[in-house]
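Written out below as structure tokens is the structure these notes cover.
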Amino acid sequence: MFRSKIAVTALALAALAAINLTPVAAVEAEGPANKKLDWSFEGIFGTYDRGSLQRGYRVYKEVCASCHSMNLLSYRNLSQPGGPEFTLEQVKALAAEFDVQDGPNDEGEMFERAGLPSDRFVSPFPNEEAARASNGGALPPDLSLIVKARKDGPNYLYSLLTGYEENPPAGVELGEGMNYNPYFTGHQIAMAPPLSEEAVEYTDGTKPSVENLSKDVVMFLAWAAEPKLEERKSLGFKVLIYLIILAGLMYAANKKLWSRIKH
Amino acid sequence: MSGQSTYQPTSAVGKWFESRLPVMGLVHDTMLNFPTPKNLNYWWTFGGILATFLVLQIITGIVLAMQYTPHVDFAFESVEKIMRDVNYGWLLRYAHANGASMFFLAVYIHIFRGLYYGSYKQPRELLWIIGVIIYLVMMATAFMGYLLPWGQMSFWGATVITNFFSAFPIVGDPIVEWLRGGFVVGNPTLNRFFSLHYLTPFILVGLVGLHVWALHVPGNANPTGVEVKSVKDDTVPFHPYYTLKDSFAIVVFMILFLWFVFFAPNFLGEVDNYIKANPLVTPAHIVPEWYFLPFYAILRAVPDKLGGVLLMFASIGVLFILPWLDTSKVKSATFRPLYKQFFFIFVAVSIGLGYLGGKPAEGGYILAARILTAYYFAHFLIIMPILGLIEKPKKLPESIAKAVLDKNGDDPGGGGAPAEAVTAPETKG
Amino acid sequence: MAHTDQSDTTRRDFLYIATGSFAAATAFSIWPLIDQMNPDASVLALSSTEVDLTPVEVGQSMTVKWRGSPIFIRRRTAEEIKEALAVPLEDLPDPEADSERAEKPEWLIMVGVCTHLGCIPKGQKLGDERGDYNGWFCPCHGSHYDTAGRIRKGPAPLNLVVPPIEYLEETKIRIG
């Protein structure tokens, strides 16, 4: 009986599979699969690499931040546990590098002051229209959540940053001001290759190759998108251990209780 | 909830209270002393699991509402504030979002259990119908809740779904504008969805009360489908036997749920919802949450807009008349060799529809969705009525007690400890 | 007997009237609860917009906002109109005659949102790239629209949408 049912189910599934094999026109030009990296924050015990996060912040600040905002982050976040963990003094200094508009003052005027840790990251453009105007009509997206807002985020971004090709393959005509990148939808991207060898000066001895710069900035962006990842995983591990033990005890108690009853 | 209570308060305070408000007697009769068939397997624990999730969703929802701002300019940011700044906010939000998915997973198992064991049949038709209403209200709640984070998929999902109503002639467009409070999904839409999303869970609580009430009149169905003949031989008191068994099952289900919350919190979500809603940019593929995908497949299987919408509503509507479409006198699929096979085909078809709902609506996918949609309706409208007439059921046991004895004695077909029922209920009996 | 009949009738009438008036009162009091969900006055105020076309010279364009979307208004040159009319309909992915899109051939008015993924195409400003068909070009994924705003090349499935337009005067329109 049981076997025949499995057979029927298998048959139904096979029929389903066969139907689905019918060729379907590809909707978009598919690019190559993303390059896969072993990210330290993957897995049950995964954590961010502190050094990489600190370097990644520098890459963001010195390269990406000229076009891309990170509206959801504040400078104070840079010192919080589970993040780059700059010291409070360092964060004060990092924030003070920026001018922030504040006000109005007693005369009703807006004024500029040095940034504070409680300030949001300063945006490169005052609004979307200004951002588009400076970038040939293309809008550089906010990067606060970019890793979670793209499929296979970390690998995709790493592939994108390291995947530029100077000369497009034969037959591809690039639009004006466009660059060829097979990892981007449509393969044409308005953003010029942002990273080059030694684009950012590293002080900790890491080689500032394009690969390392990309890896570090993706690590930083991954943290920015999911700043509570370390807290989440460490709490989750404890909670699940507790529940598994509880389930074991309850299973035993349940079995003992029901042993008196034929059921 | 019927008949004289057997509850006897022991303390003087208890007696005083009970003579004025017999609520303890009600609890005693419905939750503690309630005679429950002793052969229920683990598929019967999902009622308790669902009640747990309803409470959990309400609790996490109430505290999230303390932090959330239902305004198009702040909704997305306030959710991110919950994720970043609010103490344990990430836990509350991930629990609420994944809790919704688990709620649906559990309700689907609960529904398919009912389908397998014929729990919708006489005398439990009303119990089943209330259940279908609960499912509909759950869907509405989940749909409205999905708009609140104000991400791209929130916005476009709500746009697409409110647009369904434009399929109706003449009244269609006014209804859509009425639902949205504007020409497009906007701030009025977000506000009313928030208001209703807060309301509907409490309607669910009321409906669940009716569902349990309707359950306690005929009592639980059971895997044999044979009704209780002797309370003494066939049943055990709900407490402690099923309170403990349900609690164990709840803990096991919690492990699955919390695995998602802590280690894969965005696995069931859509990446596009981490992009703030933008009425000027449509995502490449608009897909609903996984638990709506089968219906989405049915909707898109029909080339005509109105036809698709009507068919989608009909796919749930048909469940209301299921008790009268099934002509078989035998409840449990265990004793219905033909129905059992069709049941598993139906499970496969439902999963297949879910798969197709997540694929682009074109070419082979559309064709497959049409075939499976036709089968979905054929299952209820053709197969169920005919099967009851032509099928020769196996011999039913005389009573639950007898069935239990047979199984524990020389059982040819497997059986064994109830734990095995979790993986293979069909081997029972 | 007659007396009883009469009193019965009166009582029944009273019940009908009472029920009816309660039902009417309920219906009236529910209506505000339902109607409040309809688009409110501030929303309706933006549902249509009037545009004065006089400042636009031949060969120029203007962009206005309507219901949150940009509206492209272009005063086409004779050359552009000729180009649009010359295209055989079977060459179009989304066949639509030029006359269906522009009531007065000189004025082409469309929602300026690319039908692919909703970017705003280029081509409104003088120095803009206008694509291979001298109309509009979407920089996001390279959709080319012709001088009637019809899709000719690229991933967009449909022509740029023409909103409901009414000419109030010779050079004044209402959109919506």
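Numbering starts fresh at 1 for the residues of each chain in the structure tokens, the chains themselves are lettered A, B, ... in the order given, and ligands are numbered from 1 as they appear.
Here the strand (DSSP E or B) residues in range 81-172 of chain A, by DSSP on the backbone, are Asp99, Val100, Gln101, Asp102, Phe111, Glu112, Arg113, Ala114, Arg120 and Glu165 of chain A.
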Show which residues sit within 12 Å of Ile366 in chain B, as a PDB file with all heavy atoms, in the first residue's frame. Count only C-alpha atoms, and ignore same-chain residues fewer than 2 positions away.
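Result file result-v5.pdb:
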```
ATOM      1  N   ILE A  19       6.826  18.781 -17.162  1.00  0.00           N
ATOM      2  CA  ILE A  19       6.156  19.979 -17.659  1.00  0.00           C
ATOM      3  C   ILE A  19       7.091  21.174 -17.557  1.00  0.00           C
ATOM      4  O   ILE A  19       7.227  21.974 -18.464  1.00  0.00           O
ATOM      5  CB  ILE A  19       4.876  20.243 -16.850  1.00  0.00           C
ATOM      6  CG1 ILE A  19       3.845  19.170 -17.156  1.00  0.00           C
ATOM      7  CG2 ILE A  19       4.316  21.618 -17.170  1.00  0.00           C
ATOM      8  CD1 ILE A  19       2.738  19.100 -16.144  1.00  0.00           C
ATOM      9  N   ASN A  20       7.793  21.224 -16.416  1.00  0.00           N
ATOM     10  CA  ASN A  20       8.621  22.393 -16.177  1.00  0.00           C
ATOM     11  C   ASN A  20       9.869  22.434 -17.038  1.00  0.00           C
ATOM     12  O   ASN A  20      10.545  23.449 -17.100  1.00  0.00           O
ATOM     13  CB  ASN A  20       9.010  22.451 -14.700  1.00  0.00           C
ATOM     14  CG  ASN A  20       7.804  22.803 -13.870  1.00  0.00           C
ATOM     15  OD1 ASN A  20       6.860  23.383 -14.389  1.00  0.00           O
ATOM     16  ND2 ASN A  20       7.821  22.440 -12.614  1.00  0.00           N
ATOM     17  N   THR A  22       9.827  22.224 -20.126  1.00  0.00           N
ATOM     18  CA  THR A  22       9.496  22.916 -21.368  1.00  0.00           C
ATOM     19  C   THR A  22      10.333  24.182 -21.460  1.00  0.00           C
ATOM     20  O   THR A  22      10.407  24.944 -20.519  1.00  0.00           O
ATOM     21  CB  THR A  22       8.015  23.342 -21.368  1.00  0.00           C
ATOM     22  OG1 THR A  22       7.325  22.499 -20.467  1.00  0.00           O
ATOM     23  CG2 THR A  22       7.437  23.259 -22.737  1.00  0.00           C
ATOM     24  N   PRO A  23      10.976  24.388 -22.607  1.00  0.00           N
ATOM     25  CA  PRO A  23      11.863  25.533 -22.699  1.00  0.00           C
ATOM     26  C   PRO A  23      11.127  26.848 -22.434  1.00  0.00           C
ATOM     27  O   PRO A  23       9.992  27.037 -22.854  1.00  0.00           O
ATOM     28  CB  PRO A  23      12.365  25.491 -24.139  1.00  0.00           C
ATOM     29  CG  PRO A  23      11.816  24.293 -24.757  1.00  0.00           C
ATOM     30  CD  PRO A  23      10.914  23.598 -23.814  1.00  0.00           C
ATOM     31  N   VAL A  24      11.767  27.691 -21.701  1.00  0.00           N
ATOM     32  CA  VAL A  24      11.206  28.990 -21.382  1.00  0.00           C
ATOM     33  C   VAL A  24      12.178  30.040 -21.893  1.00  0.00           C
ATOM     34  O   VAL A  24      13.369  29.949 -21.660  1.00  0.00           O
ATOM     35  CB  VAL A  24      11.021  29.138 -19.859  1.00  0.00           C
ATOM     36  CG1 VAL A  24      10.645  30.561 -19.516  1.00  0.00           C
ATOM     37  CG2 VAL A  24       9.980  28.174 -19.355  1.00  0.00           C
TER      38      VAL A  24
ATOM     39  N   TYR B 296      -1.321  32.710  -6.308  1.00  0.00           N
ATOM     40  CA  TYR B 296      -0.769  33.595  -7.333  1.00  0.00           C
ATOM     41  C   TYR B 296      -0.649  32.836  -8.657  1.00  0.00           C
ATOM     42  O   TYR B 296      -0.938  33.377  -9.729  1.00  0.00           O
ATOM     43  CB  TYR B 296       0.592  34.100  -6.861  1.00  0.00           C
ATOM     44  CG  TYR B 296       1.086  35.349  -7.543  1.00  0.00           C
ATOM     45  CD1 TYR B 296       0.300  36.494  -7.592  1.00  0.00           C
ATOM     46  CD2 TYR B 296       2.344  35.393  -8.126  1.00  0.00           C
ATOM     47  CE1 TYR B 296       0.756  37.634  -8.192  1.00  0.00           C
ATOM     48  CE2 TYR B 296       2.819  36.539  -8.731  1.00  0.00           C
ATOM     49  CZ  TYR B 296       2.019  37.661  -8.767  1.00  0.00           C
ATOM     50  OH  TYR B 296       2.489  38.801  -9.366  1.00  0.00           O
ATOM     51  N   ALA B 297      -0.251  31.567  -8.572  1.00  0.00           N
ATOM     52  CA  ALA B 297      -0.138  30.744  -9.780  1.00  0.00           C
ATOM     53  C   ALA B 297      -1.505  30.560 -10.429  1.00  0.00           C
ATOM     54  O   ALA B 297      -1.642  30.644 -11.656  1.00  0.00           O
ATOM     55  CB  ALA B 297       0.481  29.389  -9.438  1.00  0.00           C
ATOM     56  N   ILE B 298      -2.525  30.327  -9.600  1.00  0.00           N
ATOM     57  CA  ILE B 298      -3.880  30.148 -10.141  1.00  0.00           C
ATOM     58  C   ILE B 298      -4.346  31.437 -10.805  1.00  0.00           C
ATOM     59  O   ILE B 298      -4.892  31.435 -11.905  1.00  0.00           O
ATOM     60  CB  ILE B 298      -4.857  29.726  -9.013  1.00  0.00           C
ATOM     61  CG1 ILE B 298      -4.514  28.318  -8.532  1.00  0.00           C
ATOM     62  CG2 ILE B 298      -6.309  29.811  -9.481  1.00  0.00           C
ATOM     63  CD1 ILE B 298      -5.315  27.832  -7.360  1.00  0.00           C
ATOM     64  N   LEU B 299      -4.066  32.563 -10.159  1.00  0.00           N
ATOM     65  CA  LEU B 299      -4.461  33.862 -10.700  1.00  0.00           C
ATOM     66  C   LEU B 299      -3.879  34.078 -12.090  1.00  0.00           C
ATOM     67  O   LEU B 299      -4.567  34.510 -13.016  1.00  0.00           O
ATOM     68  CB  LEU B 299      -3.969  34.968  -9.763  1.00  0.00           C
ATOM     69  CG  LEU B 299      -4.104  36.388 -10.300  1.00  0.00           C
ATOM     70  CD1 LEU B 299      -5.485  36.916  -9.978  1.00  0.00           C
ATOM     71  CD2 LEU B 299      -3.053  37.309  -9.736  1.00  0.00           C
ATOM     72  N   ARG B 300      -2.582  33.760 -12.221  1.00  0.00           N
ATOM     73  CA  ARG B 300      -1.912  34.076 -13.481  1.00  0.00           C
ATOM     74  C   ARG B 300      -2.137  33.012 -14.542  1.00  0.00           C
ATOM     75  O   ARG B 300      -1.794  33.208 -15.706  1.00  0.00           O
ATOM     76  CB  ARG B 300      -0.418  34.269 -13.239  1.00  0.00           C
ATOM     77  CG  ARG B 300      -0.144  35.417 -12.284  1.00  0.00           C
ATOM     78  CD  ARG B 300       1.316  35.695 -12.195  1.00  0.00           C
ATOM     79  NE  ARG B 300       2.072  34.499 -11.853  1.00  0.00           N
ATOM     80  CZ  ARG B 300       3.382  34.463 -11.756  1.00  0.00           C
ATOM     81  NH1 ARG B 300       4.095  35.531 -12.007  1.00  0.00           N
ATOM     82  NH2 ARG B 300       3.999  33.356 -11.427  1.00  0.00           N
ATOM     83  N   ALA B 301      -2.716  31.864 -14.125  1.00  0.00           N
ATOM     84  CA  ALA B 301      -2.933  30.796 -15.095  1.00  0.00           C
ATOM     85  C   ALA B 301      -4.036  31.175 -16.081  1.00  0.00           C
ATOM     86  O   ALA B 301      -4.115  30.627 -17.175  1.00  0.00           O
ATOM     87  CB  ALA B 301      -3.298  29.499 -14.372  1.00  0.00           C
ATOM     88  N   VAL B 302      -4.889  32.131 -15.673  1.00  0.00           N
ATOM     89  CA  VAL B 302      -6.023  32.494 -16.524  1.00  0.00           C
ATOM     90  C   VAL B 302      -5.670  33.738 -17.331  1.00  0.00           C
ATOM     91  O   VAL B 302      -5.209  34.729 -16.762  1.00  0.00           O
ATOM     92  CB  VAL B 302      -7.270  32.785 -15.659  1.00  0.00           C
ATOM     93  CG1 VAL B 302      -8.489  32.966 -16.534  1.00  0.00           C
ATOM     94  CG2 VAL B 302      -7.473  31.655 -14.672  1.00  0.00           C
ATOM     95  N   PRO B 303      -5.844  33.685 -18.651  1.00  0.00           N
ATOM     96  CA  PRO B 303      -5.479  34.850 -19.453  1.00  0.00           C
ATOM     97  C   PRO B 303      -6.372  36.055 -19.195  1.00  0.00           C
ATOM     98  O   PRO B 303      -5.971  37.184 -19.402  1.00  0.00           O
ATOM     99  CB  PRO B 303      -5.626  34.353 -20.900  1.00  0.00           C
ATOM    100  CG  PRO B 303      -6.421  33.110 -20.823  1.00  0.00           C
ATOM    101  CD  PRO B 303      -6.285  32.546 -19.457  1.00  0.00           C
ATOM    102  N   LEU B 353       1.948  24.109  -7.585  1.00  0.00           N
ATOM    103  CA  LEU B 353       1.379  25.441  -7.833  1.00  0.00           C
ATOM    104  C   LEU B 353       2.192  26.502  -7.106  1.00  0.00           C
ATOM    105  O   LEU B 353       2.446  27.582  -7.632  1.00  0.00           O
ATOM    106  CB  LEU B 353      -0.080  25.493  -7.382  1.00  0.00           C
ATOM    107  CG  LEU B 353      -1.103  24.906  -8.355  1.00  0.00           C
ATOM    108  CD1 LEU B 353      -2.474  24.818  -7.700  1.00  0.00           C
ATOM    109  CD2 LEU B 353      -1.195  25.747  -9.626  1.00  0.00           C
ATOM    110  N   TYR B 355       5.354  26.354  -6.414  1.00  0.00           N
ATOM    111  CA  TYR B 355       6.595  26.523  -7.170  1.00  0.00           C
ATOM    112  C   TYR B 355       6.367  27.420  -8.393  1.00  0.00           C
ATOM    113  O   TYR B 355       7.138  28.353  -8.647  1.00  0.00           O
ATOM    114  CB  TYR B 355       7.106  25.146  -7.591  1.00  0.00           C
ATOM    115  CG  TYR B 355       8.221  25.182  -8.616  1.00  0.00           C
ATOM    116  CD1 TYR B 355       9.526  25.473  -8.232  1.00  0.00           C
ATOM    117  CD2 TYR B 355       7.955  24.926  -9.958  1.00  0.00           C
ATOM    118  CE1 TYR B 355      10.542  25.521  -9.166  1.00  0.00           C
ATOM    119  CE2 TYR B 355       8.968  24.973 -10.902  1.00  0.00           C
ATOM    120  CZ  TYR B 355      10.256  25.265 -10.501  1.00  0.00           C
ATOM    121  OH  TYR B 355      11.258  25.318 -11.431  1.00  0.00           O
ATOM    122  N   LEU B 356       5.274  27.161  -9.097  1.00  0.00           N
ATOM    123  CA  LEU B 356       4.999  27.926 -10.323  1.00  0.00           C
ATOM    124  C   LEU B 356       4.655  29.384 -10.016  1.00  0.00           C
ATOM    125  O   LEU B 356       4.961  30.276 -10.806  1.00  0.00           O
ATOM    126  CB  LEU B 356       3.854  27.278 -11.102  1.00  0.00           C
ATOM    127  CG  LEU B 356       4.181  25.897 -11.666  1.00  0.00           C
ATOM    128  CD1 LEU B 356       2.931  25.248 -12.223  1.00  0.00           C
ATOM    129  CD2 LEU B 356       5.248  26.006 -12.741  1.00  0.00           C
ATOM    130  N   GLY B 357       4.046  29.616  -8.847  1.00  0.00           N
ATOM    131  CA  GLY B 357       3.710  30.987  -8.469  1.00  0.00           C
ATOM    132  C   GLY B 357       4.940  31.860  -8.313  1.00  0.00           C
ATOM    133  O   GLY B 357       4.865  33.077  -8.451  1.00  0.00           O
ATOM    134  N   GLY B 358       6.082  31.238  -8.033  1.00  0.00           N
ATOM    135  CA  GLY B 358       7.308  31.999  -7.856  1.00  0.00           C
ATOM    136  C   GLY B 358       8.089  32.174  -9.139  1.00  0.00           C
ATOM    137  O   GLY B 358       9.143  32.811  -9.150  1.00  0.00           O
ATOM    138  N   LYS B 359       7.591  31.586 -10.228  1.00  0.00           N
ATOM    139  CA  LYS B 359       8.301  31.682 -11.512  1.00  0.00           C
ATOM    140  C   LYS B 359       7.656  32.751 -12.381  1.00  0.00           C
ATOM    141  O   LYS B 359       6.488  33.071 -12.209  1.00  0.00           O
ATOM    142  CB  LYS B 359       8.218  30.322 -12.234  1.00  0.00           C
ATOM    143  CG  LYS B 359       8.995  29.233 -11.525  1.00  0.00           C
ATOM    144  CD  LYS B 359      10.462  29.417 -11.775  1.00  0.00           C
ATOM    145  CE  LYS B 359      11.273  28.713 -10.689  1.00  0.00           C
ATOM    146  NZ  LYS B 359      12.676  29.082 -10.730  1.00  0.00           N
ATOM    147  N   PRO B 360       8.403  33.290 -13.333  1.00  0.00           N
ATOM    148  CA  PRO B 360       7.790  34.269 -14.228  1.00  0.00           C
ATOM    149  C   PRO B 360       6.636  33.645 -15.012  1.00  0.00           C
ATOM    150  O   PRO B 360       6.661  32.452 -15.332  1.00  0.00           O
ATOM    151  CB  PRO B 360       8.926  34.686 -15.162  1.00  0.00           C
ATOM    152  CG  PRO B 360      10.016  33.696 -14.961  1.00  0.00           C
ATOM    153  CD  PRO B 360       9.828  33.085 -13.616  1.00  0.00           C
ATOM    154  N   ALA B 361       5.600  34.457 -15.266  1.00  0.00           N
ATOM    155  CA  ALA B 361       4.406  33.948 -15.933  1.00  0.00           C
ATOM    156  C   ALA B 361       4.629  33.919 -17.430  1.00  0.00           C
ATOM    157  O   ALA B 361       4.293  34.856 -18.142  1.00  0.00           O
ATOM    158  CB  ALA B 361       3.201  34.817 -15.593  1.00  0.00           C
ATOM    159  N   GLU B 362       5.231  32.837 -17.920  1.00  0.00           N
ATOM    160  CA  GLU B 362       5.472  32.770 -19.359  1.00  0.00           C
ATOM    161  C   GLU B 362       5.718  31.325 -19.780  1.00  0.00           C
ATOM    162  O   GLU B 362       6.049  30.479 -18.959  1.00  0.00           O
ATOM    163  CB  GLU B 362       6.683  33.628 -19.733  1.00  0.00           C
ATOM    164  CG  GLU B 362       7.903  33.216 -18.943  1.00  0.00           C
ATOM    165  CD  GLU B 362       9.020  34.238 -19.047  1.00  0.00           C
ATOM    166  OE1 GLU B 362       8.744  35.366 -19.440  1.00  0.00           O
ATOM    167  OE2 GLU B 362      10.150  33.871 -18.741  1.00  0.00           O
ATOM    168  N   GLY B 363       5.538  31.072 -21.038  1.00  0.00           N
ATOM    169  CA  GLY B 363       5.886  29.809 -21.670  1.00  0.00           C
ATOM    170  C   GLY B 363       5.394  28.599 -20.906  1.00  0.00           C
ATOM    171  O   GLY B 363       4.215  28.481 -20.559  1.00  0.00           O
ATOM    172  N   GLY B 364       6.317  27.668 -20.649  1.00  0.00           N
ATOM    173  CA  GLY B 364       5.983  26.389 -20.030  1.00  0.00           C
ATOM    174  C   GLY B 364       5.400  26.546 -18.644  1.00  0.00           C
ATOM    175  O   GLY B 364       4.581  25.728 -18.211  1.00  0.00           O
ATOM    176  N   ALA B 368       1.985  24.755 -17.369  1.00  0.00           N
ATOM    177  CA  ALA B 368       1.985  23.886 -16.198  1.00  0.00           C
ATOM    178  C   ALA B 368       0.992  24.399 -15.161  1.00  0.00           C
ATOM    179  O   ALA B 368       0.233  23.625 -14.566  1.00  0.00           O
ATOM    180  CB  ALA B 368       3.384  23.815 -15.599  1.00  0.00           C
ATOM    181  N   ALA B 369       0.976  25.719 -14.957  1.00  0.00           N
ATOM    182  CA  ALA B 369       0.059  26.290 -13.964  1.00  0.00           C
ATOM    183  C   ALA B 369      -1.386  26.025 -14.357  1.00  0.00           C
ATOM    184  O   ALA B 369      -2.239  25.772 -13.510  1.00  0.00           O
ATOM    185  CB  ALA B 369       0.307  27.792 -13.822  1.00  0.00           C
ATOM    186  N   ARG B 370      -1.653  26.052 -15.660  1.00  0.00           N
ATOM    187  CA  ARG B 370      -3.030  25.780 -16.109  1.00  0.00           C
ATOM    188  C   ARG B 370      -3.426  24.347 -15.814  1.00  0.00           C
ATOM    189  O   ARG B 370      -4.524  24.073 -15.328  1.00  0.00           O
ATOM    190  CB  ARG B 370      -3.142  26.046 -17.603  1.00  0.00           C
ATOM    191  CG  ARG B 370      -3.150  27.517 -17.877  1.00  0.00           C
ATOM    192  CD  ARG B 370      -3.471  27.859 -19.309  1.00  0.00           C
ATOM    193  NE  ARG B 370      -3.316  29.308 -19.419  1.00  0.00           N
ATOM    194  CZ  ARG B 370      -2.894  29.931 -20.503  1.00  0.00           C
ATOM    195  NH1 ARG B 370      -2.618  29.242 -21.591  1.00  0.00           N
ATOM    196  NH2 ARG B 370      -2.763  31.219 -20.500  1.00  0.00           N
ATOM    197  N   ILE B 371      -2.506  23.420 -16.118  1.00  0.00           N
ATOM    198  CA  ILE B 371      -2.814  22.011 -15.881  1.00  0.00           C
ATOM    199  C   ILE B 371      -3.056  21.777 -14.394  1.00  0.00           C
ATOM    200  O   ILE B 371      -4.040  21.156 -13.991  1.00  0.00           O
ATOM    201  CB  ILE B 371      -1.659  21.124 -16.399  1.00  0.00           C
ATOM    202  CG1 ILE B 371      -1.543  21.266 -17.917  1.00  0.00           C
ATOM    203  CG2 ILE B 371      -1.868  19.674 -15.999  1.00  0.00           C
ATOM    204  CD1 ILE B 371      -0.300  20.646 -18.496  1.00  0.00           C
ATOM    205  N   LEU B 372      -2.155  22.318 -13.561  1.00  0.00           N
ATOM    206  CA  LEU B 372      -2.284  22.079 -12.125  1.00  0.00           C
ATOM    207  C   LEU B 372      -3.524  22.774 -11.548  1.00  0.00           C
ATOM    208  O   LEU B 372      -4.176  22.241 -10.648  1.00  0.00           O
ATOM    209  CB  LEU B 372      -1.027  22.543 -11.389  1.00  0.00           C
ATOM    210  CG  LEU B 372       0.256  21.775 -11.731  1.00  0.00           C
ATOM    211  CD1 LEU B 372       1.353  22.092 -10.727  1.00  0.00           C
ATOM    212  CD2 LEU B 372       0.024  20.270 -11.762  1.00  0.00           C
ATOM    213  N   THR B 373      -3.846  23.952 -12.077  1.00  0.00           N
ATOM    214  CA  THR B 373      -5.050  24.638 -11.612  1.00  0.00           C
ATOM    215  C   THR B 373      -6.290  23.798 -11.934  1.00  0.00           C
ATOM    216  O   THR B 373      -7.167  23.612 -11.090  1.00  0.00           O
ATOM    217  CB  THR B 373      -5.181  26.018 -12.286  1.00  0.00           C
ATOM    218  OG1 THR B 373      -4.020  26.784 -11.958  1.00  0.00           O
ATOM    219  CG2 THR B 373      -6.410  26.757 -11.803  1.00  0.00           C
TER     220      THR B 373
END
```
Can I get the residues of chain B within 7 Å of chain A, each with the closest pair of atoms and their distance in Å to one decimal, using only C-alpha atoms, sorted chain first then ascending number, as CSV?
```
residue,atom,partner,partner_atom,distance
B:Lys38,CA,A:His263,CA,5.5
B:Asn39,CA,A:His263,CA,4.9
B:Arg84,CA,A:Pro227,CA,6.8
B:Tyr241,CA,A:Trp258,CA,7.0
B:Leu244,CA,A:Asn254,CA,6.1
B:Lys245,CA,A:Asn254,CA,6.0
B:Phe248,CA,A:Met250,CA,5.6
B:Val251,CA,A:Ala247,CA,6.0
B:Val252,CA,A:Ala247,CA,6.3
B:Ile255,CA,A:Leu240,CA,6.4
B:Phe262,CA,A:Gly236,CA,5.1
B:Phe263,CA,A:Lys233,CA,6.5
B:Val271,CA,A:Ala149,CA,4.5
B:Asp272,CA,A:Ala149,CA,5.5
B:Tyr274,CA,A:Ala149,CA,4.9
B:Ile275,CA,A:Ala149,CA,6.1
B:Gln341,CA,A:Lys5,CA,5.5
B:Phe344,CA,A:Thr9,CA,6.0
B:Ile345,CA,A:Thr9,CA,5.7
B:Ala348,CA,A:Leu13,CA,6.5
B:Gly363,CA,A:Val24,CA,5.4
B:Gly364,CA,A:Thr22,CA,5.1
B:Tyr365,CA,A:Asn20,CA,6.3
B:Ala368,CA,A:Ile19,CA,5.9
B:Val404,CA,A:His263,CA,5.5
```
Closest-contact table, chain A side, partner chain C, 9 Å, counting only C-alpha atoms, as a tab-separated table:
```
residue	atom	partner	partner_atom	distance
A:Val27	CA	C:Pro155	CA	8.9
A:Glu28	CA	C:Pro155	CA	8.2
A:Gly136	CA	C:Pro139	CA	8.8
A:Gly137	CA	C:Pro139	CA	7.5
A:Ala138	CA	C:Cys140	CA	7.2
A:Gly175	CA	C:Gly142	CA	7.6
A:Glu176	CA	C:Glu129	CA	8.3
A:Met178	CA	C:Pro139	CA	8.8
A:Thr185	CA	C:His141	CA	7.9
A:Gly186	CA	C:His141	CA	5.9
A:His187	CA	C:His141	CA	8.7
A:Gln188	CA	C:His141	CA	7.4
A:Ile189	CA	C:Cys140	CA	8.0
A:Ala190	CA	C:Cys140	CA	8.2
```
Need the shell around Tyr133 in chain C: protein/DNA/RNA residues with any atom at most 7 Å away, counting only C-alpha atoms. Skip same-chain ones fewer than 5 positions apart. Format as an MDAnalysis selection string?
chainID C and resid 144:147
Residues flagged helix (DSSP H, G or I) by DSSP in chain C, as a PyMOL selection string
chain C and resi 2-35+41-45+78-86+89-91+98-101
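We find CA of Ile109 in chain C and CA of Asp52 in chain C to be spaced 12.8 Å apart.
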Pick out the residues sitting within 10 Å of Gln101 in chain A, and hand them over as a PyMOL selection string; count only C-alpha atoms, and ignore anything fewer than 6 positions along from it in its own chain.
chain A and resi 110-115+122
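Counting from CA of Val86 in chain B, the distance to CA of Met144 in chain B is 23.4 Å.
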Can you tell me which residues surround Gly99 in chain B at a distance of at most 10 Å, considering only C-alpha atoms, apart from same-chain residues fewer than 2 positions away, and format the answer as a ChimeraX atom specification?
/B:53-54,56-57,60,92-97,101-105,254,257-258,260-261
For CA of Met66 in chain B and CA of Leu196 in chain B, determine how far apart the two atoms are, in Å to one decimal place.
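Answer for the CA of Met66 in chain B to CA of Leu196 in chain B separation: 15.9 Å.
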Which residues, written as a PyMOL selection string, have at least one atom at most 6 Å from range 376-390 of chain B, with only C-alpha atoms counted and residues fewer than 5 positions away on the same chain left out?
chain B and resi 325-328
Neighbours of Tyr198 in chain B within 10 Å (only C-alpha atoms; same-chain residues fewer than 3 positions away dropped), as a list in words?
Ile58, Gly61, Ile62, Ala65, Thr141, Met144, Gly145, Arg192, Phe193, Phe194, Ser195, Pro201, Phe202 and Ile203 of chain B
